[in-house]
$ cat my_file.pdb   # PDB, C-alpha atoms
ATOM      1  CA  MET A 503       0.000   0.000   0.000
ATOM      2  CA  LEU A 504       2.817   2.382   0.882
ATOM      3  CA  ALA A 505       4.660   1.557  -2.350
ATOM      4  CA  THR A 506       1.539   2.420  -4.362
ATOM      5  CA  VAL A 507       1.261   5.808  -2.675
ATOM      6  CA  ILE A 508       4.962   6.494  -3.225
ATOM      7  CA  LEU A 509       4.718   5.558  -6.914
ATOM      8  CA  TYR A 510       1.680   7.782  -7.316
ATOM      9  CA  LEU A 511       3.473  10.746  -5.737
ATOM     10  CA  ILE A 512       6.529  10.165  -7.923
ATOM     11  CA  THR A 513       4.238  10.114 -10.938
ATOM     12  CA  ILE A 514       2.452  13.334 -10.010
ATOM     13  CA  PHE A 515       5.512  15.358  -8.987
ATOM     14  CA  LEU A 516       8.222  13.953 -11.267
ATOM     15  CA  VAL A 517       6.953  12.084 -14.329
ATOM     16  CA  ALA A 518       3.873  14.177 -15.160
ATOM     17  CA  PRO A 519       5.726  17.522 -15.325
ATOM     18  CA  ILE A 520       8.408  15.973 -17.536
ATOM     19  CA  MET A 521       5.793  14.564 -19.884
ATOM     20  CA  SER A 522       3.952  17.889 -19.846
ATOM     21  CA  ASN A 523       7.099  19.679 -21.038
ATOM     22  CA  ILE A 524       7.679  17.113 -23.789
ATOM     23  CA  GLY A 525       4.581  18.002 -25.741
ATOM     24  CA  TYR A 526       1.178  17.501 -24.150
ATOM     25  CA  SER A 527      -1.125  20.427 -24.846
ATOM     26  CA  SER A 528      -3.392  21.716 -22.093
ATOM     27  CA  VAL A 529      -6.496  20.170 -23.691
ATOM     28  CA  GLU A 530      -4.971  16.709 -24.123
ATOM     29  CA  SER A 531      -3.333  16.699 -20.726
ATOM     30  CA  SER A 532      -6.514  17.246 -18.736
ATOM     31  CA  TYR A 533      -7.088  13.505 -18.290
ATOM     32  CA  HIS A 534      -4.540  11.672 -20.384
ATOM     33  CA  LEU A 535      -1.387  13.130 -18.858
ATOM     34  CA  GLN A 536      -1.880  11.509 -15.450
ATOM     35  CA  THR A 537      -2.935   8.216 -17.045
ATOM     36  CA  HIS A 538       0.066   8.087 -19.363
ATOM     37  CA  ALA A 539       2.409   9.178 -16.586
ATOM     38  CA  LEU A 540       1.143   6.329 -14.382
ATOM     39  CA  ILE A 541       1.611   3.849 -17.219
ATOM     40  CA  VAL A 542       5.187   5.033 -17.823
ATOM     41  CA  THR A 543       5.964   4.872 -14.095
ATOM     42  CA  PHE A 544       4.591   1.348 -13.780
ATOM     43  CA  ILE A 545       6.468   0.166 -16.885
ATOM     44  CA  PHE A 546       9.760   1.394 -15.437
ATOM     45  CA  THR A 547       8.862  -0.124 -12.056
ATOM     46  CA  VAL A 548       8.312  -3.526 -13.677
ATOM     47  CA  ILE A 549      11.597  -3.226 -15.581
ATOM     48  CA  LEU A 550      13.484  -2.274 -12.397
ATOM     49  CA  CYS A 551      11.945  -5.103 -10.374
ATOM     50  CA  THR A 552      12.700  -7.607 -13.139
ATOM     51  CA  LEU A 553      16.323  -6.486 -13.264
ATOM     52  CA  LEU A 554      16.633  -6.818  -9.493
ATOM     53  CA  ILE A 555      15.142 -10.320  -9.542
ATOM     54  CA  VAL A 556      17.415 -11.439 -12.370
ATOM     55  CA  GLU A 557      20.426 -10.005 -10.537
ATOM     56  CA  LYS A 558      19.475 -11.933  -7.381
ATOM     57  CA  ILE A 559      19.123 -15.141  -9.413
ATOM     58  CA  ILE A 560      22.520 -14.627 -11.033
ATOM     59  CA  ILE A 561      24.187 -13.900  -7.678
ATOM     60  CA  GLY A 562      22.461 -16.947  -6.154
ATOM     61  CA  LYS A 563      23.902 -19.260  -8.817
ATOM     62  CA  LYS A 564      27.499 -18.168  -8.164
TER
END
$ encode --input "my_file.pdb" --output "structure tokens"
Amino acid sequence: MLATVILYLITIFLVAPIMSNIGYSSVESSYHLQTHALIVTFIFTVILCTLLIVEKIIIGKK
């Protein structure tokens, strides 16, 4: 539960402003900016977690 709140705050205060500066207009960003920012955050979270799991598996085999 805490991780979900932290990811949401990271999305709102870090990812969304970056995506807003990249090229979302004010009309498009009214609903889609937060949705796309959450999707991007969760994609990178899955990639990071996968890398950490693979690293643990590799270290465990040595």
$ resolve_selection --input "my_file.pdb" --expression "the PyMOL selection byres ((chain A and resi 541) around 12)" --output "CSV table (one decimal) with C-alpha atoms, in the frame of the given file"
chain,number,residue,atom,x,y,z
A,509,LEU,CA,4.7,5.6,-6.9
A,510,TYR,CA,1.7,7.8,-7.3
A,513,THR,CA,4.2,10.1,-10.9
A,514,ILE,CA,2.5,13.3,-10.0
A,517,VAL,CA,7.0,12.1,-14.3
A,518,ALA,CA,3.9,14.2,-15.2
A,521,MET,CA,5.8,14.6,-19.9
A,534,HIS,CA,-4.5,11.7,-20.4
A,535,LEU,CA,-1.4,13.1,-18.9
A,536,GLN,CA,-1.9,11.5,-15.4
A,537,THR,CA,-2.9,8.2,-17.0
A,538,HIS,CA,0.1,8.1,-19.4
A,539,ALA,CA,2.4,9.2,-16.6
A,540,LEU,CA,1.1,6.3,-14.4
A,542,VAL,CA,5.2,5.0,-17.8
A,543,THR,CA,6.0,4.9,-14.1
A,544,PHE,CA,4.6,1.3,-13.8
A,545,ILE,CA,6.5,0.2,-16.9
A,546,PHE,CA,9.8,1.4,-15.4
A,547,THR,CA,8.9,-0.1,-12.1
A,548,VAL,CA,8.3,-3.5,-13.7
$ atom_distance --input "my_file.pdb" --atom1 "CA of Gly562 in chain A" --atom2 "CA of Leu550 in chain A"
18.3 Å
$ axis_aligned_box --input "my_file.pdb" --around "range 511-519 of chain A" --padding-each-side "8 Å" --output "JSON"
{"center_x": 5.3, "center_y": 13.8, "center_z": -10.5, "size_x": 21.8, "size_y": 23.4, "size_z": 25.6}
$ atom_distance --input "my_file.pdb" --atom1 "CA of Lys558 in chain A" --atom2 "CA of Leu511 in chain A"
27.8 Å
$ atom_distance --input "my_file.pdb" --atom1 "CA of Leu554 in chain A" --atom2 "CA of Leu516 in chain A"
22.5 Å
